[in-house]
Amino acid sequence: MFEALSTCFSALISNPKGISFDGEDADEKILLLLRRHIITNVRWVLTSFAFAILPFALTYFLSLYPSTLPVFLPFPYIIALYFSWYLFVFIYTFEAYLNWYFNVYIVTDKRVVDVDFFSLLSRQVSDAPISNIQDVTYNVQGIFQTIFDYGTVTMQTAGEKEHLEFDLVPRPAFVQNELSDLATKASNGDI
């Protein structure tokens with residue numbers, strides 16, 4: 001159970017078990033599963049929290065100044081408004097979580113895969129063989145990325161797509177090192 005829960009909230013998983021993706025070869029082994037750093041979720045978590053407490057804050061404000069609301073709604077309408085509001089908050093929060101969870105970067109022993117999740121009905125998948133990776137760099141910008149150790153890893157490829165980016169992933173130096181080692185092994189014919 002702990003392993004399943006940690007997968008739901010992990011941004012970097014080495015040698016994940018029980019994970020597969022569309023188009024995966026039978027003999028392909030997943031080495032890294034990456035998502036954006038967990039700290040990048042703070043904005044939508046705080047927004048969701050603010051949306052959740054807004055009706056209570058508004059109710060409290062209106063109880064202090066009852067003359068500010070000239071229209072009184074019947075109780076069933078108020079319940080319907082609360083229900084609609086919290087349904088909106090739930091949908092916003094759930095979609096933001098799904099966006100974070102399903103935007104993944106996968107490094108296998110054969111290739112690098114970038115899955116961009118836009119909505120339940122839209123995603124884009126890009127991949128490049130490890131042997132096509134020519135240069136791997138990482139970029140850490142600003143105080144938050146430095147403190148929380150996350151950044152962007154960019155791979156220059158010799159393929160159709162000139163570069164792939166792993167955006168805001170944790171431990172970018174580690175990821176860059178792993179990808180560089182894999183590219184070196186592939187160029188030497190060790191993979």
# chains A, B, ... in the order shown; residues from 1 in each chain; ligands from 1
>>> residues_around(residues="Gln134 in chain A", least_positions_apart="5", cutoff="10 Å", atoms="only C-alpha atoms", output="count of residues only")
10
>>> residues_around(residues="range 90-99 of chain A", least_positions_apart="6", cutoff="7 Å", atoms="only C-alpha atoms", output="VMD selection string")
chain A and resid 44 48 117 to 118
>>> residues_around(residues="Val107 in chain A", least_positions_apart="4", cutoff="10 Å", atoms="only C-alpha atoms", output="list in words")
Ser14, Asn15, Lys29, Ile30, Leu31, Leu32, Leu33, Leu34, Arg111, Val112, Val113, Asp114, Asp127, Ala128, Pro129, Ile130, Val175, Glu178, Leu179 and Leu182 of chain A
>>> closest_residue(among="A:Asn188, A:Asn41, A:Thr47, A:Thr108", to="Leu168 in chain A", atoms="only C-alpha atoms")
A:Asn41
>>> atom_distance(atom1="CA of Val89 in chain A", atom2="CA of Phe51 in chain A")
6.4 Å
>>> residues_around(residues="range 140-142 of chain A", least_positions_apart="2", cutoff="9 Å", atoms="only C-alpha atoms", output="list of chain:residue names")
A:Tyr138, A:Phe144, A:Gln145, A:Thr146, A:Ile147, A:Asp149, A:Tyr150, A:Gly151, A:Thr152, A:Val153, A:Leu168, A:Pro172
>>> select_by_dssp(residues="range 24-115 of chain A", states="strand (DSSP E or B)", output="list in words")
Ile30, Leu31, Leu32, Leu33, Leu34, Val104, Tyr105, Ile106, Val107, Thr108, Arg111, Val112, Val113, Asp114 and Val115 of chain A
>>> atom_distance(atom1="CA of Ala173 in chain A", atom2="CA of Ile19 in chain A")
23.9 Å
>>> closest_atom_pairs(of="range 78-187 of chain A", to="range 52-66 of chain A", cutoff="10 Å", atoms="only C-alpha atoms", output="CSV")
residue,atom,partner,partner_atom,distance
A:Leu81,CA,A:Pro55,CA,9.6
A:Tyr82,CA,A:Pro55,CA,7.6
A:Trp85,CA,A:Pro55,CA,8.4
A:Tyr86,CA,A:Ala52,CA,7.0
A:Phe88,CA,A:Ala52,CA,9.8
A:Val89,CA,A:Ala52,CA,6.6
A:Phe90,CA,A:Ala52,CA,9.0
>>> write_last_selection(atoms="N, CA and C atoms", output="PDB file, in the first residue's frame")
ATOM      1  N   LEU A  81     -26.123  26.446  -4.685  1.00  0.00           N
ATOM      2  CA  LEU A  81     -24.932  27.245  -4.949  1.00  0.00           C
ATOM      3  C   LEU A  81     -23.693  26.635  -4.293  1.00  0.00           C
ATOM      4  N   TYR A  82     -23.835  26.222  -3.030  1.00  0.00           N
ATOM      5  CA  TYR A  82     -22.713  25.567  -2.342  1.00  0.00           C
ATOM      6  C   TYR A  82     -22.297  24.295  -3.075  1.00  0.00           C
ATOM      7  N   TRP A  85     -20.544  25.175  -6.298  1.00  0.00           N
ATOM      8  CA  TRP A  85     -19.224  25.735  -6.025  1.00  0.00           C
ATOM      9  C   TRP A  85     -18.222  24.640  -5.678  1.00  0.00           C
ATOM     10  N   TYR A  86     -18.604  23.739  -4.769  1.00  0.00           N
ATOM     11  CA  TYR A  86     -17.668  22.691  -4.366  1.00  0.00           C
ATOM     12  C   TYR A  86     -17.456  21.652  -5.455  1.00  0.00           C
ATOM     13  N   PHE A  88     -17.236  22.578  -8.605  1.00  0.00           N
ATOM     14  CA  PHE A  88     -16.233  23.303  -9.382  1.00  0.00           C
ATOM     15  C   PHE A  88     -14.848  23.171  -8.736  1.00  0.00           C
ATOM     16  N   VAL A  89     -14.765  23.340  -7.418  1.00  0.00           N
ATOM     17  CA  VAL A  89     -13.481  23.238  -6.710  1.00  0.00           C
ATOM     18  C   VAL A  89     -12.908  21.832  -6.866  1.00  0.00           C
ATOM     19  N   PHE A  90     -13.771  20.816  -6.728  1.00  0.00           N
ATOM     20  CA  PHE A  90     -13.310  19.440  -6.880  1.00  0.00           C
ATOM     21  C   PHE A  90     -12.783  19.195  -8.286  1.00  0.00           C
TER      22      PHE A  90
END
>>> closest_residue(among="A:Gly18, A:Asp190, A:Leu12, A:Trp100", to="Val42 in chain A", atoms="only C-alpha atoms")
A:Trp100
>>> select_by_dssp(residues="chain A", states="helix (DSSP H, G or I)", output="number ranges by chain")
A: 2-9, 38-64, 66-68, 75-102, 130-132, 142-148, 172-187
>>> closest_residue(among="A:Arg43, A:Lys185, A:Arg35, A:Lys110", to="Asp167 in chain A", atoms="only C-alpha atoms")
A:Arg35
>>> closest_residue(among="A:Glu165, A:Cys8, A:Pro16, A:Ala80", to="Asp116 in chain A", atoms="only C-alpha atoms")
A:Glu165
>>> closest_residue(among="A:Leu73, A:Leu121, A:Val136, A:Ala50", to="Asp181 in chain A", atoms="only C-alpha atoms")
A:Val136
